[in-house]
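These notes concern the structure reproduced below.
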Amino acid sequence: MTAFLYLAASICFILALRGLSSPVTARKGNMFAVSGMALAIGTTLASPHVQSYGMIITALMAGGIVGTVIALKIKMTALPQLVAAFHSLVGLAAVLVAAAAFYAPEAYGIGVQGNIATASLVEMSLGVAIGAITFTGSIIAFGKLQELITGKPLVFPGQHPLNALLGLALAGLIAALITAQSAALFWLIVAVSLLLGALLILPIGGADMPVVISMLNSYSGWAACGIGFTLHNTLLVITGALVGSSGAILSYIMCKAMNRGFLSVMLGGFGAEAATGGGKAAGPKKSAKSGSAEDAAFLLKNAGSVIIVPGYGMAVAQAQHAVREMGDLLKKAGVNVRYAIHPVAGRMPGHMNVLLAEANVSYDEVFELDDINRDFASTDVAYVIGANDVTNPAGKSDPKSPIYGMPILDVEASKTVLFVKRSLAPGYAGIDNELFYRDNTMMLFGDAKKVTEEIVKAL
Amino acid sequence: MQPEMIQQAACGGGAFMAAFSVFVLAVFVGYYVVWSVTPALHSPLMSVTNAISSVIIVGALVAAGPALMNTSKTLGLCAVALAAVNIFGGFIVTQRMLQMFKKRK
């Protein structure tokens with residue numbers, strides 16, 4: 001009976017992901033996920049394994065209240081940090097469950113303490129190692145996104161050999177645990193994995209955070225999977241596999257959108273090399289044309305079609321509401337207004353879509369790179385706000401550029417490019433954008449929100 | 001051949017193989033389902049997968065289940081609380097996001 005209910009819960013989770021194929025069905029999908037979870041928890045609570053309820057209910061409620069408050073209060077701009085923090089909790093929970101199974105294997109039918117089945121020990125070690133790596137890795141990612149730690153890649157000599165050594169040590173410890181089954185070895189595995197998790201994420205720069213966060217998403221799934229194997233629980237195995245492959249696909253999409261190999265992201269140090277290269281490139285001074293909000297308003301009002309290209313800068317300046325207001329005014333004036341989103345705009349996959357949705361932009365006005373890119377050539381004005389590297393033509397034309405080969409939004413093909421930016425400083429990848437100096441580009445210097453509000457006033 | 005091995009051969013492998021088959025099939029299901037998710041909803045996809053990976057709470061509940069207090073139960077209770085933060089937080093933030101995706105006339 002339990003097995004059937006667990007199976008039903010797994011199916012609910014699959015339907016939940018399936019629902020996300022369209023915004024219309026997505027809410028129903030989330031309800032499936034909630035039902036699946038309720039079913040899983042209810043089934044377990046009703047099983048003979050659970051004999052005392054008081055403390056469990058207390059723990060559930062305490063966690064539930066904390067989670068609810070955080071989820072209701074969080075600003076949508078801080079979503080990536082929140083997700084990173086949540087990933088760390090899954091990792092830690094996996095470590096704790098594995099430890100619990102190590103101390104009381106009888107409860108799960110995998111042997112007795114000191115004599116746990118070899119297969120279970122291997123699965124347990126893998127689960128606990130991935131869990132611990134997810135835990136510290138996510139904490140570092142959280143720190144970087146929250147800007148508690150520098151977004152710059154932290155590289156030091158001997159980093160990769162050290163990581164390799166830790167990886168080997170981990171494998172050795174797992175082998176030792178299988179023969180000795182001592183608690184000290186178990187916790188040593190945890191300690192080495194915790195260290196490894198932090199060291200793996202520290203050298204990865206801020207620009208690669210969308211990949212990192214997707215990858216940690218994937219890890220949290222594999223950790224659940226490992227625990228599922230240990231406990232012979234197919235619900236955990238299925239769910240972990242779903243989450244694991246979801247995160248892996250997102251990492252792949254993000255890597256492709258930046259034309260970066262997954263391995264090179266993982267090895268880290270991207271922002272550091274690029275910054276020095278960018279400094280040299282900026283050598284000869286070129287001149288950029290700048291304009292006022294009134295000039296911009298005039299151009300926008302007289303355009304037939306406008307494509308707005310938002311980036312993370314828009315979110316930082318909290319300019320999304322002003323942007324939507326500008327879009328509304330233009331639409332009223334008969335201008336065709338659309339939004340173009342690069343896959344790596346923002347700091348996690350789909351972040352920009354959420355921010356625009358929050359500002360009440362209708363989702364059918366928002367387009368992905370592949371769907372809108374060829375329309376720039378027939379567009380009068382491209383309004384770039386808070387995006388930079390994803391519009392840099394060097395991605396197409398300059399084989400020496402660190403972003404060469406990365407898919408680029410062809411904003412320069414439109415008649416006029418309005419580029420809202422504080423200064424001519426390079427973007428996240430640390431490289432100069434030649435778009436600033438094109439004849440059809442007008443720079444609008446200033447804070448994204450203030451500039452947009454001034455345009456709204458002028459309209 | 002040992003009787004045990006004959007039985008294993010007849011069933012196509014032991015308990016591990018059964019779990020492993022489920023795992024591989026689930027990876028395939030995940031692969032196809034996730035590719036069909038619209039890129040606009042990749043953030044909710046992340047938060048909802050995060051929430052459902054907390055299904056690990058099932059293991060935590062079993063550890064926290066016994067009437068007597070011991071190391072394992074303490075660890076289990078901590079894991080229950082952590083997973084609960086994730087479950088409630090993850091689903092609510094997903095719902096908040098999805099509620100914003102509207103089509104305006």
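Residue numbering restarts at 1 for every chain of the structure tokens, chains are lettered A, B, ... in their displayed order, and ligands are numbered from 1 as they appear.
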- segment 106-278 of chain A: residues DSSP assigns to strand (DSSP E or B), reported as a PyMOL selection string: chain A and resi 111-112+115-116
Near segment 353-359 of chain A, within 7 Å and counting only C-alpha atoms, which residues show up once chain neighbours fewer than 4 positions away are dropped, as a short mmCIF file (atom, residue, chain, number, x, y, z; two decimals) with N, CA, C and O atoms, in the first residue's frame?
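Below you can see result.cif, which holds the result:
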data_model
loop_
_atom_site.label_atom_id
_atom_site.label_comp_id
_atom_site.auth_asym_id
_atom_site.auth_seq_id
_atom_site.Cartn_x
_atom_site.Cartn_y
_atom_site.Cartn_z
N MET A 76 11.58 39.57 -5.42
CA MET A 76 11.85 38.73 -6.59
C MET A 76 13.26 38.94 -7.15
O MET A 76 13.81 38.07 -7.81
N GLN A 320 11.96 47.83 -13.29
CA GLN A 320 11.02 47.08 -14.13
C GLN A 320 9.62 47.72 -14.20
O GLN A 320 8.97 47.66 -15.23
N HIS A 321 9.21 48.36 -13.10
CA HIS A 321 7.87 48.98 -13.12
C HIS A 321 7.86 50.22 -14.02
O HIS A 321 6.92 50.43 -14.78
N ARG A 324 7.79 49.06 -17.58
CA ARG A 324 6.46 48.62 -18.02
C ARG A 324 5.57 49.83 -18.29
O ARG A 324 4.81 49.85 -19.25
N TYR A 363 2.86 38.06 -20.49
CA TYR A 363 3.91 37.14 -20.94
C TYR A 363 3.95 36.92 -22.45
O TYR A 363 4.94 36.47 -22.98
N ALA B 40 10.57 30.62 -20.32
CA ALA B 40 10.06 31.70 -19.48
C ALA B 40 9.82 31.22 -18.05
O ALA B 40 9.82 32.01 -17.12
N MET B 97 5.45 33.23 -7.85
CA MET B 97 5.96 33.53 -9.19
C MET B 97 4.90 33.25 -10.24
O MET B 97 4.63 34.07 -11.11
N MET B 100 2.11 35.57 -10.99
CA MET B 100 2.42 36.83 -11.68
C MET B 100 2.38 36.68 -13.20
O MET B 100 2.26 37.67 -13.91
N PHE B 101 2.49 35.43 -13.67
CA PHE B 101 2.50 35.24 -15.12
C PHE B 101 1.08 35.33 -15.66
O PHE B 101 0.32 34.38 -15.60
#
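Computed from the coordinates, the atom CA of Leu459 of chain A to atom CA of Val411 of chain A distance equals 22.9 Å.
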Polymer residues at most 12 Å from Ile140 of chain A, only C-alpha atoms, same-chain spacing of 5 or more positions, as a PDB file with all heavy atoms, in the first residue's frame:
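Saved file out-v2.pdb follows:
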ATOM      1  N   GLN A  81      19.453  34.151  -4.738  1.00  0.00           N
ATOM      2  CA  GLN A  81      20.024  33.873  -3.416  1.00  0.00           C
ATOM      3  C   GLN A  81      19.133  32.907  -2.652  1.00  0.00           C
ATOM      4  O   GLN A  81      19.595  31.985  -1.999  1.00  0.00           O
ATOM      5  CB  GLN A  81      20.111  35.148  -2.555  1.00  0.00           C
ATOM      6  CG  GLN A  81      21.075  36.180  -3.014  1.00  0.00           C
ATOM      7  CD  GLN A  81      20.421  37.198  -3.909  1.00  0.00           C
ATOM      8  OE1 GLN A  81      19.880  36.843  -4.951  1.00  0.00           O
ATOM      9  NE2 GLN A  81      20.484  38.469  -3.540  1.00  0.00           N
ATOM     10  N   ALA A  84      19.524  29.442  -3.891  1.00  0.00           N
ATOM     11  CA  ALA A  84      20.812  28.899  -3.439  1.00  0.00           C
ATOM     12  C   ALA A  84      20.709  28.477  -1.969  1.00  0.00           C
ATOM     13  O   ALA A  84      21.166  27.391  -1.586  1.00  0.00           O
ATOM     14  CB  ALA A  84      21.918  29.928  -3.621  1.00  0.00           C
ATOM     15  N   ALA A  85      20.081  29.325  -1.157  1.00  0.00           N
ATOM     16  CA  ALA A  85      19.952  29.006   0.264  1.00  0.00           C
ATOM     17  C   ALA A  85      19.118  27.737   0.441  1.00  0.00           C
ATOM     18  O   ALA A  85      19.456  26.864   1.252  1.00  0.00           O
ATOM     19  CB  ALA A  85      19.306  30.170   1.009  1.00  0.00           C
ATOM     20  N   HIS A  87      18.789  25.317  -1.690  1.00  0.00           N
ATOM     21  CA  HIS A  87      19.579  24.155  -2.106  1.00  0.00           C
ATOM     22  C   HIS A  87      20.459  23.671  -0.971  1.00  0.00           C
ATOM     23  O   HIS A  87      20.631  22.475  -0.760  1.00  0.00           O
ATOM     24  CB  HIS A  87      20.477  24.494  -3.297  1.00  0.00           C
ATOM     25  CG  HIS A  87      19.735  24.622  -4.579  1.00  0.00           C
ATOM     26  ND1 HIS A  87      20.190  25.384  -5.619  1.00  0.00           N
ATOM     27  CD2 HIS A  87      18.575  24.091  -4.988  1.00  0.00           C
ATOM     28  CE1 HIS A  87      19.335  25.318  -6.616  1.00  0.00           C
ATOM     29  NE2 HIS A  87      18.349  24.533  -6.254  1.00  0.00           N
ATOM     30  N   SER A  88      21.034  24.625  -0.229  1.00  0.00           N
ATOM     31  CA  SER A  88      21.934  24.228   0.848  1.00  0.00           C
ATOM     32  C   SER A  88      21.168  23.418   1.890  1.00  0.00           C
ATOM     33  O   SER A  88      21.696  22.471   2.460  1.00  0.00           O
ATOM     34  CB  SER A  88      22.600  25.451   1.467  1.00  0.00           C
ATOM     35  OG  SER A  88      21.710  26.133   2.315  1.00  0.00           O
ATOM     36  N   ILE A 133      28.611  18.408  -0.331  1.00  0.00           N
ATOM     37  CA  ILE A 133      29.139  19.319  -1.363  1.00  0.00           C
ATOM     38  C   ILE A 133      28.066  20.348  -1.735  1.00  0.00           C
ATOM     39  O   ILE A 133      28.335  21.536  -1.862  1.00  0.00           O
ATOM     40  CB  ILE A 133      29.598  18.517  -2.606  1.00  0.00           C
ATOM     41  CG1 ILE A 133      30.872  17.739  -2.274  1.00  0.00           C
ATOM     42  CG2 ILE A 133      29.834  19.438  -3.799  1.00  0.00           C
ATOM     43  CD1 ILE A 133      31.318  16.774  -3.356  1.00  0.00           C
ATOM     44  N   THR A 134      26.818  19.872  -1.881  1.00  0.00           N
ATOM     45  CA  THR A 134      25.718  20.783  -2.192  1.00  0.00           C
ATOM     46  C   THR A 134      25.570  21.832  -1.094  1.00  0.00           C
ATOM     47  O   THR A 134      25.344  23.009  -1.365  1.00  0.00           O
ATOM     48  CB  THR A 134      24.384  20.008  -2.312  1.00  0.00           C
ATOM     49  OG1 THR A 134      24.593  18.882  -3.153  1.00  0.00           O
ATOM     50  CG2 THR A 134      23.290  20.867  -2.886  1.00  0.00           C
ATOM     51  N   PHE A 135      25.697  21.387   0.151  1.00  0.00           N
ATOM     52  CA  PHE A 135      25.507  22.290   1.286  1.00  0.00           C
ATOM     53  C   PHE A 135      26.492  23.452   1.259  1.00  0.00           C
ATOM     54  O   PHE A 135      26.105  24.614   1.153  1.00  0.00           O
ATOM     55  CB  PHE A 135      25.623  21.499   2.598  1.00  0.00           C
ATOM     56  CG  PHE A 135      25.528  22.349   3.831  1.00  0.00           C
ATOM     57  CD1 PHE A 135      24.433  23.175   4.035  1.00  0.00           C
ATOM     58  CD2 PHE A 135      26.536  22.330   4.787  1.00  0.00           C
ATOM     59  CE1 PHE A 135      24.342  23.971   5.177  1.00  0.00           C
ATOM     60  CE2 PHE A 135      26.458  23.115   5.926  1.00  0.00           C
ATOM     61  CZ  PHE A 135      25.360  23.940   6.121  1.00  0.00           C
ATOM     62  N   LEU A 145      26.048  35.653  -4.451  1.00  0.00           N
ATOM     63  CA  LEU A 145      24.876  36.325  -5.003  1.00  0.00           C
ATOM     64  C   LEU A 145      24.412  37.458  -4.095  1.00  0.00           C
ATOM     65  O   LEU A 145      23.947  38.495  -4.538  1.00  0.00           O
ATOM     66  CB  LEU A 145      23.742  35.311  -5.203  1.00  0.00           C
ATOM     67  CG  LEU A 145      23.977  34.320  -6.339  1.00  0.00           C
ATOM     68  CD1 LEU A 145      23.089  33.107  -6.190  1.00  0.00           C
ATOM     69  CD2 LEU A 145      23.735  34.992  -7.679  1.00  0.00           C
ATOM     70  N   GLN A 146      24.538  37.251  -2.791  1.00  0.00           N
ATOM     71  CA  GLN A 146      24.118  38.252  -1.814  1.00  0.00           C
ATOM     72  C   GLN A 146      25.220  39.304  -1.645  1.00  0.00           C
ATOM     73  O   GLN A 146      25.072  40.266  -0.917  1.00  0.00           O
ATOM     74  CB  GLN A 146      23.833  37.539  -0.482  1.00  0.00           C
ATOM     75  CG  GLN A 146      23.260  38.376   0.638  1.00  0.00           C
ATOM     76  CD  GLN A 146      21.803  38.711   0.425  1.00  0.00           C
ATOM     77  OE1 GLN A 146      21.060  37.935  -0.147  1.00  0.00           O
ATOM     78  NE2 GLN A 146      21.385  39.875   0.889  1.00  0.00           N
ATOM     79  N   GLU A 147      26.339  39.099  -2.327  1.00  0.00           N
ATOM     80  CA  GLU A 147      27.505  39.964  -2.272  1.00  0.00           C
ATOM     81  C   GLU A 147      28.122  40.047  -0.882  1.00  0.00           C
ATOM     82  O   GLU A 147      28.633  41.077  -0.460  1.00  0.00           O
ATOM     83  CB  GLU A 147      27.190  41.348  -2.847  1.00  0.00           C
ATOM     84  CG  GLU A 147      27.240  41.296  -4.371  1.00  0.00           C
ATOM     85  CD  GLU A 147      26.476  42.421  -5.042  1.00  0.00           C
ATOM     86  OE1 GLU A 147      26.212  43.429  -4.379  1.00  0.00           O
ATOM     87  OE2 GLU A 147      26.128  42.273  -6.219  1.00  0.00           O
ATOM     88  N   LEU A 148      28.042  38.952  -0.150  1.00  0.00           N
ATOM     89  CA  LEU A 148      28.757  38.850   1.118  1.00  0.00           C
ATOM     90  C   LEU A 148      30.201  38.441   0.823  1.00  0.00           C
ATOM     91  O   LEU A 148      31.116  38.752   1.563  1.00  0.00           O
ATOM     92  CB  LEU A 148      28.105  37.797   2.020  1.00  0.00           C
ATOM     93  CG  LEU A 148      26.650  38.052   2.399  1.00  0.00           C
ATOM     94  CD1 LEU A 148      26.061  36.877   3.156  1.00  0.00           C
ATOM     95  CD2 LEU A 148      26.547  39.323   3.228  1.00  0.00           C
ATOM     96  N   ILE A 149      30.374  37.695  -0.287  1.00  0.00           N
ATOM     97  CA  ILE A 149      31.696  37.305  -0.747  1.00  0.00           C
ATOM     98  C   ILE A 149      31.876  37.984  -2.101  1.00  0.00           C
ATOM     99  O   ILE A 149      30.889  38.163  -2.822  1.00  0.00           O
ATOM    100  CB  ILE A 149      31.783  35.769  -0.966  1.00  0.00           C
ATOM    101  CG1 ILE A 149      31.281  35.035   0.267  1.00  0.00           C
ATOM    102  CG2 ILE A 149      33.199  35.340  -1.310  1.00  0.00           C
ATOM    103  CD1 ILE A 149      31.190  33.531   0.058  1.00  0.00           C
ATOM    104  N   THR A 150      33.089  38.324  -2.454  1.00  0.00           N
ATOM    105  CA  THR A 150      33.294  38.980  -3.747  1.00  0.00           C
ATOM    106  C   THR A 150      32.825  38.087  -4.898  1.00  0.00           C
ATOM    107  O   THR A 150      33.002  36.866  -4.864  1.00  0.00           O
ATOM    108  CB  THR A 150      34.779  39.354  -3.954  1.00  0.00           C
ATOM    109  OG1 THR A 150      34.954  39.697  -5.318  1.00  0.00           O
ATOM    110  CG2 THR A 150      35.702  38.198  -3.609  1.00  0.00           C
ATOM    111  N   GLY A 151      32.201  38.723  -5.884  1.00  0.00           N
ATOM    112  CA  GLY A 151      31.737  37.965  -7.053  1.00  0.00           C
ATOM    113  C   GLY A 151      32.894  37.550  -7.941  1.00  0.00           C
ATOM    114  O   GLY A 151      32.755  36.716  -8.820  1.00  0.00           O
ATOM    115  N   PRO A 153      36.168  35.691  -9.191  1.00  0.00           N
ATOM    116  CA  PRO A 153      36.643  34.332  -8.923  1.00  0.00           C
ATOM    117  C   PRO A 153      37.841  34.353  -7.980  1.00  0.00           C
ATOM    118  O   PRO A 153      38.743  35.176  -8.157  1.00  0.00           O
ATOM    119  CB  PRO A 153      37.038  33.815 -10.296  1.00  0.00           C
ATOM    120  CG  PRO A 153      37.037  34.976 -11.208  1.00  0.00           C
ATOM    121  CD  PRO A 153      36.271  36.075 -10.604  1.00  0.00           C
ATOM    122  N   LEU A 154      37.825  33.509  -6.971  1.00  0.00           N
ATOM    123  CA  LEU A 154      38.949  33.427  -6.050  1.00  0.00           C
ATOM    124  C   LEU A 154      39.841  32.274  -6.475  1.00  0.00           C
ATOM    125  O   LEU A 154      39.493  31.118  -6.302  1.00  0.00           O
ATOM    126  CB  LEU A 154      38.451  33.197  -4.618  1.00  0.00           C
ATOM    127  CG  LEU A 154      37.692  34.365  -4.001  1.00  0.00           C
ATOM    128  CD1 LEU A 154      37.078  33.966  -2.675  1.00  0.00           C
ATOM    129  CD2 LEU A 154      38.606  35.569  -3.820  1.00  0.00           C
ATOM    130  N   LEU A 194      32.467  18.678   2.687  1.00  0.00           N
ATOM    131  CA  LEU A 194      32.102  20.068   2.978  1.00  0.00           C
ATOM    132  C   LEU A 194      33.187  21.007   2.434  1.00  0.00           C
ATOM    133  O   LEU A 194      32.897  22.008   1.780  1.00  0.00           O
ATOM    134  CB  LEU A 194      31.941  20.284   4.483  1.00  0.00           C
ATOM    135  CG  LEU A 194      30.712  19.662   5.154  1.00  0.00           C
ATOM    136  CD1 LEU A 194      30.781  19.825   6.663  1.00  0.00           C
ATOM    137  CD2 LEU A 194      29.422  20.280   4.623  1.00  0.00           C
ATOM    138  N   LEU A 195      34.431  20.657   2.692  1.00  0.00           N
ATOM    139  CA  LEU A 195      35.556  21.466   2.235  1.00  0.00           C
ATOM    140  C   LEU A 195      35.577  21.524   0.706  1.00  0.00           C
ATOM    141  O   LEU A 195      35.738  22.589   0.098  1.00  0.00           O
ATOM    142  CB  LEU A 195      36.852  20.850   2.769  1.00  0.00           C
ATOM    143  CG  LEU A 195      38.131  21.631   2.516  1.00  0.00           C
ATOM    144  CD1 LEU A 195      38.049  22.998   3.161  1.00  0.00           C
ATOM    145  CD2 LEU A 195      39.339  20.872   3.054  1.00  0.00           C
ATOM    146  N   LEU A 196      35.378  20.367   0.099  1.00  0.00           N
ATOM    147  CA  LEU A 196      35.415  20.267  -1.359  1.00  0.00           C
ATOM    148  C   LEU A 196      34.320  21.134  -1.987  1.00  0.00           C
ATOM    149  O   LEU A 196      34.554  21.832  -2.973  1.00  0.00           O
ATOM    150  CB  LEU A 196      35.243  18.801  -1.774  1.00  0.00           C
ATOM    151  CG  LEU A 196      35.545  18.446  -3.219  1.00  0.00           C
ATOM    152  CD1 LEU A 196      36.960  18.830  -3.583  1.00  0.00           C
ATOM    153  CD2 LEU A 196      35.339  16.961  -3.464  1.00  0.00           C
ATOM    154  N   GLY A 197      33.125  21.104  -1.392  1.00  0.00           N
ATOM    155  CA  GLY A 197      32.010  21.900  -1.908  1.00  0.00           C
ATOM    156  C   GLY A 197      32.362  23.373  -1.963  1.00  0.00           C
ATOM    157  O   GLY A 197      32.132  24.052  -2.965  1.00  0.00           O
ATOM    158  N   ALA A 198      32.955  23.880  -0.875  1.00  0.00           N
ATOM    159  CA  ALA A 198      33.313  25.294  -0.824  1.00  0.00           C
ATOM    160  C   ALA A 198      34.404  25.601  -1.844  1.00  0.00           C
ATOM    161  O   ALA A 198      34.327  26.587  -2.586  1.00  0.00           O
ATOM    162  CB  ALA A 198      33.784  25.661   0.579  1.00  0.00           C
ATOM    163  N   LEU A 199      35.412  24.736  -1.910  1.00  0.00           N
ATOM    164  CA  LEU A 199      36.540  24.989  -2.816  1.00  0.00           C
ATOM    165  C   LEU A 199      36.120  24.928  -4.284  1.00  0.00           C
ATOM    166  O   LEU A 199      36.709  25.589  -5.134  1.00  0.00           O
ATOM    167  CB  LEU A 199      37.659  23.984  -2.551  1.00  0.00           C
ATOM    168  CG  LEU A 199      38.428  24.222  -1.252  1.00  0.00           C
ATOM    169  CD1 LEU A 199      39.435  23.108  -1.022  1.00  0.00           C
ATOM    170  CD2 LEU A 199      39.125  25.567  -1.262  1.00  0.00           C
ATOM    171  N   LEU A 200      35.102  24.110  -4.586  1.00  0.00           N
ATOM    172  CA  LEU A 200      34.666  23.983  -5.976  1.00  0.00           C
ATOM    173  C   LEU A 200      33.978  25.249  -6.468  1.00  0.00           C
ATOM    174  O   LEU A 200      34.079  25.614  -7.630  1.00  0.00           O
ATOM    175  CB  LEU A 200      33.705  22.799  -6.121  1.00  0.00           C
ATOM    176  CG  LEU A 200      34.335  21.407  -6.206  1.00  0.00           C
ATOM    177  CD1 LEU A 200      33.243  20.352  -6.200  1.00  0.00           C
ATOM    178  CD2 LEU A 200      35.181  21.277  -7.461  1.00  0.00           C
ATOM    179  N   ILE A 201      33.245  25.922  -5.594  1.00  0.00           N
ATOM    180  CA  ILE A 201      32.439  27.067  -6.029  1.00  0.00           C
ATOM    181  C   ILE A 201      33.209  28.391  -5.907  1.00  0.00           C
ATOM    182  O   ILE A 201      32.994  29.307  -6.694  1.00  0.00           O
ATOM    183  CB  ILE A 201      31.105  27.131  -5.246  1.00  0.00           C
ATOM    184  CG1 ILE A 201      30.356  25.799  -5.347  1.00  0.00           C
ATOM    185  CG2 ILE A 201      30.209  28.250  -5.754  1.00  0.00           C
ATOM    186  CD1 ILE A 201      30.008  25.346  -6.747  1.00  0.00           C
ATOM    187  N   LEU A 202      34.133  28.491  -4.946  1.00  0.00           N
ATOM    188  CA  LEU A 202      34.859  29.752  -4.740  1.00  0.00           C
ATOM    189  C   LEU A 202      35.518  30.310  -6.008  1.00  0.00           C
ATOM    190  O   LEU A 202      35.445  31.517  -6.246  1.00  0.00           O
ATOM    191  CB  LEU A 202      35.919  29.570  -3.652  1.00  0.00           C
ATOM    192  CG  LEU A 202      35.438  29.813  -2.214  1.00  0.00           C
ATOM    193  CD1 LEU A 202      36.533  29.433  -1.224  1.00  0.00           C
ATOM    194  CD2 LEU A 202      35.027  31.265  -2.008  1.00  0.00           C
ATOM    195  N   PRO A 203      36.167  29.487  -6.849  1.00  0.00           N
ATOM    196  CA  PRO A 203      36.845  30.072  -8.008  1.00  0.00           C
ATOM    197  C   PRO A 203      35.922  30.458  -9.152  1.00  0.00           C
ATOM    198  O   PRO A 203      36.384  30.974 -10.160  1.00  0.00           O
ATOM    199  CB  PRO A 203      37.802  28.952  -8.448  1.00  0.00           C
ATOM    200  CG  PRO A 203      37.174  27.708  -7.993  1.00  0.00           C
ATOM    201  CD  PRO A 203      36.470  28.051  -6.718  1.00  0.00           C
ATOM    202  N   ILE A 204      34.625  30.218  -9.021  1.00  0.00           N
ATOM    203  CA  ILE A 204      33.728  30.510 -10.139  1.00  0.00           C
ATOM    204  C   ILE A 204      33.206  31.942 -10.018  1.00  0.00           C
ATOM    205  O   ILE A 204      32.717  32.346  -8.970  1.00  0.00           O
ATOM    206  CB  ILE A 204      32.575  29.495 -10.190  1.00  0.00           C
ATOM    207  CG1 ILE A 204      33.157  28.078 -10.272  1.00  0.00           C
ATOM    208  CG2 ILE A 204      31.670  29.772 -11.385  1.00  0.00           C
ATOM    209  CD1 ILE A 204      32.130  26.986 -10.278  1.00  0.00           C
ATOM    210  N   GLY A 205      33.351  32.700 -11.093  1.00  0.00           N
ATOM    211  CA  GLY A 205      33.015  34.117 -11.067  1.00  0.00           C
ATOM    212  C   GLY A 205      31.521  34.393 -11.149  1.00  0.00           C
ATOM    213  O   GLY A 205      30.720  33.526 -11.482  1.00  0.00           O
ATOM    214  N   GLY A 206      31.162  35.632 -10.831  1.00  0.00           N
ATOM    215  CA  GLY A 206      29.764  36.047 -10.794  1.00  0.00           C
ATOM    216  C   GLY A 206      29.028  35.813 -12.107  1.00  0.00           C
ATOM    217  O   GLY A 206      27.853  35.448 -12.102  1.00  0.00           O
ATOM    218  N   MET A 209      27.308  32.488 -12.456  1.00  0.00           N
ATOM    219  CA  MET A 209      26.374  32.063 -11.408  1.00  0.00           C
ATOM    220  C   MET A 209      25.137  31.326 -11.918  1.00  0.00           C
ATOM    221  O   MET A 209      24.682  30.383 -11.271  1.00  0.00           O
ATOM    222  CB  MET A 209      25.957  33.264 -10.552  1.00  0.00           C
ATOM    223  CG  MET A 209      26.916  33.538  -9.423  1.00  0.00           C
ATOM    224  SD  MET A 209      27.137  32.092  -8.369  1.00  0.00           S
ATOM    225  CE  MET A 209      28.893  32.075  -8.178  1.00  0.00           C
ATOM    226  N   VAL A 212      26.163  27.818 -12.091  1.00  0.00           N
ATOM    227  CA  VAL A 212      26.422  27.253 -10.769  1.00  0.00           C
ATOM    228  C   VAL A 212      25.127  26.894 -10.059  1.00  0.00           C
ATOM    229  O   VAL A 212      24.963  25.811  -9.502  1.00  0.00           O
ATOM    230  CB  VAL A 212      27.224  28.254  -9.907  1.00  0.00           C
ATOM    231  CG1 VAL A 212      27.290  27.788  -8.465  1.00  0.00           C
ATOM    232  CG2 VAL A 212      28.606  28.424 -10.473  1.00  0.00           C
ATOM    233  N   ILE A 213      24.182  27.817 -10.112  1.00  0.00           N
ATOM    234  CA  ILE A 213      22.946  27.614  -9.367  1.00  0.00           C
ATOM    235  C   ILE A 213      22.136  26.474  -9.987  1.00  0.00           C
ATOM    236  O   ILE A 213      21.536  25.671  -9.275  1.00  0.00           O
ATOM    237  CB  ILE A 213      22.183  28.952  -9.244  1.00  0.00           C
ATOM    238  CG1 ILE A 213      21.055  28.844  -8.261  1.00  0.00           C
ATOM    239  CG2 ILE A 213      21.675  29.458 -10.529  1.00  0.00           C
ATOM    240  CD1 ILE A 213      20.557  30.210  -7.871  1.00  0.00           C
ATOM    241  N   LEU A 216      23.910  23.263  -8.852  1.00  0.00           N
ATOM    242  CA  LEU A 216      23.630  22.902  -7.465  1.00  0.00           C
ATOM    243  C   LEU A 216      22.217  22.334  -7.340  1.00  0.00           C
ATOM    244  O   LEU A 216      21.945  21.461  -6.520  1.00  0.00           O
ATOM    245  CB  LEU A 216      23.805  24.119  -6.552  1.00  0.00           C
ATOM    246  CG  LEU A 216      25.260  24.549  -6.384  1.00  0.00           C
ATOM    247  CD1 LEU A 216      25.337  25.934  -5.745  1.00  0.00           C
ATOM    248  CD2 LEU A 216      26.031  23.548  -5.545  1.00  0.00           C
TER     249      LEU A 216
END
- Task: Rank nothing, just name the residue among A:Phe445, A:Tyr437, A:Tyr53, A:Trp187 nearest to chain B, using only C-alpha atoms.
- Result: A:Tyr53
- Item | Surrounding residues of segment 79-93 of chain B excluding itself and chain neighbours under 4 positions, 6 Å, only C-alpha atoms, as a PyMOL selection string | (chain A and resi 59-60+63-64+66-68+71+86+89+93+96) or (chain B and resi 47+51+54+57+60)
- Task: Write down as a PyMOL selection string the residues of segment 52-104 of chain B whose backbone DSSP state falls under helix (DSSP H, G or I).
- Result: chain B and resi 52-64+71-100
- Item | Pick from A:Asn360, A:Thr416, A:Thr2, A:Gln318 nearest to Lys449 of chain A, counting only C-alpha atoms | A:Gln318
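Here atom CA of Ala33 of chain A is placed at a distance of 9.2 Å from atom CA of Thr49 of chain B.
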- Task: Select, from A:Asn259, A:Thr230, A:Thr452, A:Ser246, the residue with the minimum atom-to-atom distance to Pro44 of chain B, counting only C-alpha atoms.
- Result: A:Ser246
- Query: Do you have the atom CA of Lys289 of chain A-atom CA of Leu435 of chain A distance handy?
  - Reply: 10.9 Å
- Task: Compare A:Val69, A:Leu92, A:Ala101, A:Ala288 by their minimum atom-to-atom distance to Glu434 of chain A, counting only C-alpha atoms, and give me the closest one.
- Result: A:Ala288
- Item | Non-local contacts of Ser72 of chain B (9 Å; only C-alpha atoms; under 6 positions in same chain excluded) as JSON, numbers by chain | {"A": [96, 97, 99, 100, 101, 102, 103, 104], "B": [63, 64]}
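Nearest to Leu126 of chain A of all the residues A:Val24, A:Thr77, A:Ser193, A:Val390 is A:Ser193, counting only C-alpha atoms.
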